[in-house]
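Enquirer: Okay, so here is coords12.cif, and as you'll see once you scroll down, it has mmCIF, C-alpha atoms and all ligand atoms.
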data_start
#
loop_
_atom_site.label_atom_id
_atom_site.label_comp_id
_atom_site.auth_asym_id
_atom_site.auth_seq_id
_atom_site.Cartn_x
_atom_site.Cartn_y
_atom_site.Cartn_z
CA MET A 1 88.91 83.33 98.44
CA MET A 2 91.94 84.12 96.32
CA THR A 3 94.74 81.57 96.36
CA ALA A 4 97.96 82.71 97.95
CA ALA A 5 100.96 82.63 95.64
CA ILE A 6 103.28 83.26 98.58
CA GLU A 7 102.64 82.44 102.20
CA MET A 8 104.92 82.90 105.23
CA LYS A 9 104.02 81.89 108.75
CA GLY A 10 106.22 82.47 111.76
CA LEU A 11 109.27 83.03 109.56
CA ARG A 12 112.47 83.47 111.56
CA LYS A 13 116.05 83.99 110.55
CA ALA A 14 119.05 85.04 112.62
CA PHE A 15 122.58 85.74 111.49
CA GLY A 16 124.69 84.97 114.57
CA GLN A 17 123.12 86.85 117.49
CA HIS A 18 121.17 89.14 115.17
CA ASN A 19 117.47 88.18 114.84
CA VAL A 20 116.80 89.67 111.45
CA LEU A 21 113.35 88.10 110.97
CA ASP A 22 111.50 87.52 114.21
CA GLY A 23 108.23 85.88 113.21
CA ILE A 24 106.98 87.19 109.86
CA ASP A 25 103.46 86.30 108.69
CA LEU A 26 102.56 87.43 105.20
CA SER A 27 100.28 86.23 102.45
CA VAL A 28 100.36 87.41 98.84
CA PRO A 29 97.38 86.65 96.56
CA ALA A 30 98.15 85.23 93.12
CA GLY A 31 98.28 87.84 90.36
CA SER A 32 98.81 90.76 92.71
CA ILE A 33 101.65 93.26 93.10
CA PHE A 34 103.03 93.23 96.62
CA ALA A 35 105.55 95.75 97.95
CA LEU A 36 107.75 95.12 100.96
CA LEU A 37 109.02 98.26 102.66
CA GLY A 38 111.37 98.70 105.58
CA PRO A 39 114.36 100.72 106.70
CA ASN A 40 117.88 99.70 105.62
CA GLY A 41 118.82 96.37 107.11
CA ALA A 42 115.22 95.45 108.01
CA GLY A 43 115.51 92.09 106.26
CA LYS A 44 113.81 92.71 102.90
CA THR A 45 116.53 91.06 100.82
CA THR A 46 116.72 88.23 103.34
CA ILE A 47 113.00 87.54 102.78
CA ILE A 48 113.46 87.54 98.99
CA ASN A 49 116.47 85.25 99.36
CA ILE A 50 114.43 82.84 101.50
CA LEU A 51 111.47 82.90 99.09
CA SER A 52 113.78 82.19 96.17
CA THR A 53 115.52 79.33 98.06
CA LEU A 54 118.91 81.06 98.26
CA VAL A 55 118.82 81.28 102.07
CA THR A 56 117.39 78.68 104.47
CA PRO A 57 115.18 80.03 107.27
CA ASP A 58 115.68 78.94 110.91
CA SER A 59 111.98 78.20 111.40
CA GLY A 60 108.51 78.93 110.09
CA SER A 61 106.52 77.63 107.18
CA VAL A 62 106.97 79.18 103.75
CA ARG A 63 105.09 78.24 100.60
CA VAL A 64 105.79 79.62 97.14
CA ALA A 65 103.51 78.79 94.19
CA GLY A 66 101.99 75.99 96.25
CA HIS A 67 105.35 74.37 97.08
CA ASP A 68 107.08 74.22 100.43
CA ILE A 69 110.39 76.05 100.02
CA THR A 70 112.26 72.88 100.91
CA GLU A 71 111.11 71.64 97.48
CA LYS A 72 113.78 73.83 95.94
CA GLU A 73 113.60 72.67 92.34
CA SER A 74 109.81 73.09 92.11
CA VAL A 75 110.03 76.57 93.64
CA LYS A 76 112.84 77.59 91.29
CA ARG A 77 110.80 76.50 88.27
CA SER A 78 107.98 78.85 89.38
CA ILE A 79 109.97 82.02 89.93
CA SER A 80 112.10 84.66 88.24
CA LEU A 81 114.43 86.85 90.21
CA THR A 82 116.14 90.12 89.30
CA GLY A 83 119.85 89.75 89.47
CA GLN A 84 119.49 86.06 88.78
CA PHE A 85 121.70 86.49 85.75
CA ALA A 86 123.87 89.20 87.25
CA ALA A 87 126.75 87.48 85.53
CA VAL A 88 125.90 89.20 82.26
CA ASP A 89 128.43 88.23 79.62
CA GLU A 90 130.48 91.40 79.11
CA VAL A 91 131.86 90.33 75.76
CA LEU A 92 128.44 89.67 74.24
CA THR A 93 126.06 92.38 73.08
CA ALA A 94 122.80 93.12 74.93
CA GLU A 95 120.84 91.31 72.25
CA GLU A 96 123.13 88.27 72.33
CA ASN A 97 122.79 88.05 76.13
CA LEU A 98 118.99 88.12 75.90
CA ARG A 99 118.87 85.57 73.09
CA MET A 100 121.28 83.29 74.93
CA ILE A 101 119.12 83.30 78.08
CA GLY A 102 116.04 82.71 75.93
CA ARG A 103 117.66 79.66 74.33
CA LEU A 104 118.91 78.36 77.71
CA SER A 105 115.36 78.74 79.04
CA GLY A 106 113.95 76.57 76.27
CA LEU A 107 112.74 79.11 73.70
CA THR A 108 113.23 78.33 70.01
CA LYS A 109 115.69 80.47 68.06
CA ALA A 110 112.86 82.53 66.54
CA GLU A 111 111.07 82.93 69.90
CA ALA A 112 114.29 84.01 71.58
CA ARG A 113 114.91 86.62 68.86
CA ILE A 114 111.38 88.05 69.15
CA ARG A 115 111.50 88.12 72.96
CA ALA A 116 114.91 89.83 72.91
CA ALA A 117 113.58 92.52 70.55
CA GLU A 118 110.52 93.11 72.76
CA LEU A 119 112.59 93.47 75.91
CA LEU A 120 115.17 95.72 74.25
CA GLU A 121 112.30 98.00 73.24
CA ILE A 122 110.67 97.99 76.70
CA PHE A 123 113.94 98.84 78.42
CA ASP A 124 114.97 101.43 75.83
CA LEU A 125 118.01 99.45 74.74
CA THR A 126 117.14 98.97 71.07
CA ALA A 127 119.68 101.56 69.91
CA SER A 128 122.39 99.82 71.95
CA ALA A 129 121.30 96.26 71.18
CA ARG A 130 124.42 95.47 69.15
CA LYS A 131 126.90 97.06 71.56
CA ARG A 132 129.03 94.95 73.85
CA VAL A 133 127.85 95.09 77.43
CA LYS A 134 131.29 96.13 78.65
CA THR A 135 130.70 99.55 77.08
CA PHE A 136 127.38 100.03 78.96
CA SER A 137 126.70 102.62 81.67
CA GLY A 138 125.48 101.49 85.13
CA GLY A 139 121.87 102.36 84.27
CA MET A 140 122.01 100.42 80.99
CA ARG A 141 123.39 97.35 82.75
CA ARG A 142 120.64 97.58 85.35
CA ARG A 143 118.01 97.71 82.60
CA LEU A 144 119.59 94.75 80.83
CA ASP A 145 119.69 92.83 84.11
CA LEU A 146 115.96 93.44 84.58
CA ALA A 147 115.27 92.47 80.97
CA LEU A 148 117.19 89.22 81.46
CA SER A 149 115.05 88.28 84.46
CA LEU A 150 111.94 88.76 82.29
CA VAL A 151 112.94 86.68 79.26
CA VAL A 152 110.71 83.85 80.39
CA ASN A 153 107.56 84.68 82.34
CA ARG A 154 107.22 82.53 85.40
CA PRO A 155 104.18 82.68 87.72
CA ILE A 156 106.06 84.63 90.38
CA LEU A 157 108.52 87.47 89.88
CA PHE A 158 110.80 88.75 92.65
CA LEU A 159 112.26 92.20 92.18
CA ASP A 160 114.68 93.43 94.83
CA GLU A 161 114.78 97.23 94.55
CA PRO A 162 114.15 97.05 90.81
CA THR A 163 114.25 100.75 90.05
CA THR A 164 117.26 101.78 92.14
CA GLY A 165 119.62 103.60 89.79
CA LEU A 166 117.09 103.99 86.98
CA ASP A 167 116.12 107.37 85.59
CA ALA A 168 112.47 108.51 85.78
CA GLN A 169 111.64 107.40 82.25
CA SER A 170 113.02 103.86 82.70
CA ARG A 171 111.28 103.64 86.06
CA ARG A 172 107.92 104.49 84.47
CA ALA A 173 108.53 101.97 81.66
CA LEU A 174 109.31 99.25 84.21
CA TRP A 175 106.20 100.09 86.25
CA ASP A 176 104.05 99.78 83.10
CA HIS A 177 105.63 96.44 82.33
CA ILE A 178 105.09 95.19 85.89
CA ARG A 179 101.41 96.22 85.72
CA GLN A 180 101.09 94.37 82.42
CA LEU A 181 102.64 91.24 83.91
CA ALA A 182 100.22 91.36 86.85
CA ARG A 183 97.28 91.77 84.45
CA ASN A 184 98.50 88.57 82.77
CA GLY A 185 98.38 86.77 86.12
CA VAL A 186 102.01 87.05 87.27
CA THR A 187 102.46 87.64 91.00
CA VAL A 188 105.02 90.38 91.58
CA PHE A 189 106.81 90.63 94.92
CA LEU A 190 109.06 93.66 95.12
CA THR A 191 111.10 95.54 97.66
CA THR A 192 111.62 99.23 97.27
CA GLN A 193 113.13 102.28 98.90
CA TYR A 194 110.87 104.50 96.83
CA LEU A 195 107.66 105.00 98.71
CA GLU A 196 106.02 106.49 95.64
CA GLU A 197 106.74 103.22 93.84
CA ALA A 198 104.80 101.22 96.41
CA ASP A 199 102.02 103.79 96.37
CA GLN A 200 101.69 103.78 92.57
CA LEU A 201 102.19 100.11 91.90
CA ALA A 202 101.28 97.83 94.75
CA ASP A 203 97.91 96.24 95.47
CA ALA A 204 99.17 95.59 98.99
CA ILE A 205 102.09 96.84 101.04
CA ALA A 206 103.78 95.45 104.13
CA VAL A 207 106.17 97.46 106.26
CA ILE A 208 108.72 95.49 108.25
CA ALA A 209 110.86 96.85 111.07
CA GLY A 210 112.58 95.22 114.00
CA GLY A 211 112.10 91.77 112.46
CA ARG A 212 108.31 92.00 112.35
CA VAL A 213 105.50 93.22 110.13
CA VAL A 214 104.52 96.56 111.63
CA ALA A 215 101.77 97.37 109.13
CA GLU A 216 100.03 95.77 106.20
CA GLY A 217 97.33 96.86 103.78
CA THR A 218 96.65 98.94 100.70
CA ALA A 219 98.36 102.32 100.39
CA ASP A 220 95.05 103.99 101.33
CA GLN A 221 94.56 101.78 104.38
CA LEU A 222 98.08 102.56 105.60
CA LYS A 223 97.56 106.27 105.02
CA SER A 224 94.29 106.32 106.93
CA ARG A 225 95.92 104.31 109.71
CA ILE A 226 98.11 107.23 110.67
CA GLY A 227 94.98 109.31 110.55
CA GLY A 228 93.45 112.33 108.99
CA GLU A 229 95.03 115.19 107.22
CA VAL A 230 98.41 116.84 107.28
CA VAL A 231 98.53 120.64 107.41
CA GLU A 232 101.65 122.14 105.91
CA LEU A 233 102.97 125.66 106.00
CA ARG A 234 105.06 126.74 103.00
CA ASP A 235 107.14 129.88 102.48
CA GLN A 236 107.13 132.11 99.40
CA GLN A 237 109.61 129.79 97.67
CA ASP A 238 107.21 126.86 98.30
CA GLU A 239 109.60 125.26 100.79
CA ILE A 240 107.91 123.49 103.69
CA ILE A 241 108.33 125.35 106.98
CA ARG A 242 106.21 123.02 109.13
CA GLU A 243 104.07 119.93 108.68
CA ILE A 244 101.58 118.87 111.32
CA PRO A 245 99.38 115.74 111.30
CA ALA A 246 96.03 117.29 112.12
CA GLY A 247 93.67 114.37 112.74
CA SER A 248 90.52 113.76 110.79
CA SER A 249 87.80 116.00 112.22
CA ILE A 250 87.21 119.45 110.77
CA ARG A 251 87.55 120.87 114.28
CA GLU A 252 91.06 119.36 114.66
CA VAL A 253 92.16 120.60 111.24
CA LYS A 254 90.84 124.12 111.99
CA LYS A 255 92.65 124.18 115.35
CA THR A 256 95.93 123.24 113.65
CA ILE A 257 95.43 125.92 110.98
CA ASP A 258 94.64 128.53 113.65
CA GLU A 259 97.88 127.67 115.46
CA LEU A 260 99.91 127.90 112.28
CA VAL A 261 98.33 131.21 111.22
CA LEU A 262 99.54 132.80 114.46
CA THR A 263 103.18 132.06 113.64
CA ALA A 264 103.06 132.09 109.82
CA PRO A 265 105.55 134.51 108.24
CA GLU A 266 104.35 137.08 105.71
CA GLY A 267 103.77 135.58 102.26
CA SER A 268 103.55 131.97 103.44
CA ARG A 269 100.61 129.74 102.67
CA ILE A 270 98.85 126.76 104.13
CA ASN A 271 97.98 123.46 102.40
CA ILE A 272 95.92 120.59 103.66
CA ARG A 273 96.78 117.18 102.24
CA ARG A 274 96.31 113.50 102.92
CA PRO A 275 99.31 111.74 104.48
CA SER A 276 101.87 110.53 101.92
CA MET A 277 103.48 107.09 101.98
CA GLU A 278 106.52 108.85 103.39
CA ASP A 279 104.49 110.12 106.38
CA VAL A 280 103.23 106.55 106.88
CA PHE A 281 106.70 105.05 106.64
CA VAL A 282 108.26 107.55 109.04
CA ALA A 283 105.38 107.17 111.53
CA LEU A 284 105.47 103.38 111.50
CA THR A 285 109.20 102.83 111.57
CA THR A 286 109.83 105.57 114.15
CA GLN A 287 107.16 104.10 116.42
CA GLU A 288 108.83 100.68 116.12
CA ARG A 289 112.27 102.12 116.96
CA GLU A 290 110.88 103.92 120.01
CA GLU A 291 109.12 100.78 121.25
CA SER A 292 112.19 98.59 120.81
CA ALA A 293 114.30 101.17 122.70
CA ILE A 294 112.06 100.84 125.80
N1 LIG B 301 124.79 86.35 105.09
C1 LIG B 301 124.69 87.21 106.09
N2 LIG B 301 125.48 87.11 107.18
C2 LIG B 301 125.37 87.97 108.21
N3 LIG B 301 124.48 88.98 108.26
C3 LIG B 301 123.67 89.12 107.21
C4 LIG B 301 123.71 88.25 106.07
N4 LIG B 301 122.76 88.66 105.19
C5 LIG B 301 122.15 89.73 105.75
N5 LIG B 301 122.69 90.01 106.95
C6 LIG B 301 122.25 91.08 107.88
O1 LIG B 301 120.86 90.99 108.03
C7 LIG B 301 120.27 92.27 108.10
C8 LIG B 301 119.18 92.39 107.04
O2 LIG B 301 119.81 92.48 105.78
P1 LIG B 301 118.96 92.62 104.45
O3 LIG B 301 119.92 92.76 103.33
O4 LIG B 301 117.95 91.53 104.35
O5 LIG B 301 118.19 94.00 104.72
P2 LIG B 301 117.39 94.94 103.70
O6 LIG B 301 116.10 95.27 104.38
O7 LIG B 301 117.31 94.29 102.37
O8 LIG B 301 118.32 96.21 103.67
P3 LIG B 301 118.59 97.32 102.53
O9 LIG B 301 117.38 98.19 102.51
O10 LIG B 301 119.76 98.05 103.09
O11 LIG B 301 118.84 96.61 101.25
C9 LIG B 301 121.39 93.27 107.97
O12 LIG B 301 121.77 93.69 109.26
C10 LIG B 301 122.50 92.47 107.31
O13 LIG B 301 123.75 92.96 107.70
#
Can you dump the structure from the file as structure tokens?
Ligand SMILES: Nc1ncnc2c1ncn2[C@@H]1O[C@H](COP(=O)(O)OP(=O)(O)OP(=O)(O)O)[C@@H](O)[C@H]1O
Expert:
Amino acid sequence: MMTAAIEMKGLRKAFGQHNVLDGIDLSVPAGSIFALLGPNGAGKTTIINILSTLVTPDSGSVRVAGHDITEKESVKRSISLTGQFAAVDEVLTAEENLRMIGRLSGLTKAEARIRAAELLEIFDLTASARKRVKTFSGGMRRRLDLALSLVVNRPILFLDEPTTGLDAQSRRALWDHIRQLARNGVTVFLTTQYLEEADQLADAIAVIAGGRVVAEGTADQLKSRIGGEVVELRDQQDEIIREIPAGSSIREVKKTIDELVLTAPEGSRINIRRPSMEDVFVALTTQEREESAI
């Protein structure tokens, strides 16, 4: 059995009367990429804050890298966190910031220089390496922030919405880097609003809503959980007119197509596809909202 790098059992946290986490059980194998999904305000950042010892839970047992989270110093030595060095020094250049963090983290001068150059390259900041951070755009700062959290590789990396605000090219570069880290044995725990990101990157995904885990598994398992195929009707401009989950048997799919054909406008066409992560997310989180409204 694989060892768990992160383990939560019965994790609860309330802010005032608001039960944000209402008994979360999750286990993340070492060296895997784990994505936590959930609607806005579901408690994703709260979980990351608890796992990185910034917030104390009300109850439950939580272990990170083999340490109980009450052993704060041991946990902190095992983790990196995006935004950890959000206080980027504005007066320094990107390269100086990276080298400074390298030195503060115990790298030699030469090691810090090499690591800074590598990270500047990965995050497409080489051309701006010698510019002061105060002249940077929002996207450049975000990339530098991510680079700073990766100066020293710790066994566990927490990334809270790492690609929000990044363009497609930087997003792809970060995904490649995350995959590389996981291949080298780093456990990556990320939250994301981009369902494609979870689909592309994560070995396992958990969806939280209403303070609980409402689904857990690989992207394929989650997709098959909501069942079968989706039949979509598109107009001549390729815009979706209707989408219907059709079930998994050929008979069900044919029945759905027959229904659509009756109402399909001239020039439209029909596609059959597997459910996307978005279908899964909408199905799971809508179901949770409906149940909690009862
Ligand atoms: N320190 C705090 N005091 C009071 N309420 C808080 C505190 N931190 C978080 N909350 C509340 O807890 C809930 C969960 O917040 P959290 O930031 O963990 O959600 P999230 O899933 O990360 O959301 P988002 O997708 O919007 O980033 C929200 O309703 C938030 O307002």
Enquirer: Rank nothing, just name the residue among A:Ala4, A:Ala129, A:Val231, A:Ile208 nearest to Thr286 in chain A, using all atoms listed in the file.
Expert: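 Nearest candidate to Thr286 in chain A out of A:Ala4, A:Ala129, A:Val231, A:Ile208: A:Ile208.
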Enquirer: If you count only C-alpha atoms and all ligand atoms, which residues end up within 7 Å of ligand LIG 301 (chain B), as a PDB file with C-alpha atoms, keeping the file's coordinate frame?
Expert:
ATOM      1  CA  PHE A  15     122.580  85.740 111.490  1.00  0.00           C
ATOM      2  CA  VAL A  20     116.800  89.670 111.450  1.00  0.00           C
ATOM      3  CA  GLY A  38     111.370  98.700 105.580  1.00  0.00           C
ATOM      4  CA  PRO A  39     114.360 100.720 106.700  1.00  0.00           C
ATOM      5  CA  ASN A  40     117.880  99.700 105.620  1.00  0.00           C
ATOM      6  CA  GLY A  41     118.820  96.370 107.110  1.00  0.00           C
ATOM      7  CA  ALA A  42     115.220  95.450 108.010  1.00  0.00           C
ATOM      8  CA  GLY A  43     115.510  92.090 106.260  1.00  0.00           C
ATOM      9  CA  LYS A  44     113.810  92.710 102.900  1.00  0.00           C
ATOM     10  CA  THR A  45     116.530  91.060 100.820  1.00  0.00           C
ATOM     11  CA  THR A  46     116.720  88.230 103.340  1.00  0.00           C
ATOM     12  CA  ILE A  47     113.000  87.540 102.780  1.00  0.00           C
ATOM     13  CA  GLN A 193     113.130 102.280  98.900  1.00  0.00           C
TER      14      GLN A 193
END
Enquirer: Name the residues in contact with range 277-285 of chain A at a cut-off of 8 Å, using all atoms listed in the file, excluding same-chain residues fewer than 5 positions from it; report them as a VMD selection string.
Expert: chain A and resid 38 to 39 195 to 196 199 207 209 214 to 215 219 222 to 223 226
Enquirer: So which one's closest to Asp68 in chain A, A:Asn19, A:Thr218, A:Ser170, A:Thr56? Using only C-alpha atoms, please.
Expert: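 Under the stated criterion, the closest residue is A:Thr56.
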Enquirer: Quick one: residues within 12 Å of range 254-257 of chain A, only C-alpha atoms, excluding same-chain residues fewer than 5 positions away - as a PyMOL selection string?
Expert: chain A and resi 229-233+242-249+262-264+269-272
Enquirer: Which residue, A:Ser149, A:Ser74, A:Ser61, A:Ser80, has the smallest gap to Asn97 in chain A when you use all atoms listed in the file?
Expert: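 Looking at the shortest contact to Asn97 in chain A, the residue is A:Ser149.
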Enquirer: Got a sec: who's within 10 Å of range 106-119 of chain A, counting only C-alpha atoms, leaving out chain neighbours fewer than 3 positions off, as number ranges by chain?
Expert: A: 94-103, 122-126, 129, 143-144, 146-148, 150-152, 177
Enquirer: So how far away is CA of Ile33 in chain A from CA of Glu161 in chain A, in Å?
Expert: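 Between CA of Glu161 in chain A and CA of Ile33 in chain A the gap works out to 13.8 Å.
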Enquirer: From the list A:Gly228, A:Gly138, A:Val188, A:Asp145, which residue is nearest Ile6 in chain A when using all atoms listed in the file?
Expert: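 The shortest atom-to-atom distance to Ile6 in chain A comes from A:Val188.
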Enquirer: Which protein, DNA or RNA residues have an atom at most 9 Å from (103.7, 82.1, 90.8), counting only C-alpha atoms? List them as a VMD selection string.
Expert: chain A and resid 5 to 6 30 to 31 64 to 66 75 78 to 79 154 to 157 185 to 188
Enquirer: For CA of Leu159 in chain A and CA of Val28 in chain A, quote the distance in Å rounded to one decimal.
Expert: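 Interatomic distance, CA of Leu159 in chain A to CA of Val28 in chain A: 14.5 Å.
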Enquirer: Please report the interatomic distance between CA of Ala35 in chain A and CA of Lys76 in chain A in Å with one decimal.
Expert: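 Distance reported for this atom pair: 20.7 Å.
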Enquirer: For Ala198 in chain A, which residue out of A:Asn153, A:Gln169, A:Ser276, A:Gln237 is the nearest one, using only C-alpha atoms?
Expert: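 Closest to Ala198 in chain A, using only C-alpha atoms: A:Ser276.
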Enquirer: Out of A:Thr191, A:Gln17, A:Ser59, A:Gln180, which residue has the shortest atom-to-atom distance to Leu81 in chain A when counting only C-alpha atoms?
Expert: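 Closest residue, counting only C-alpha atoms: A:Thr191.
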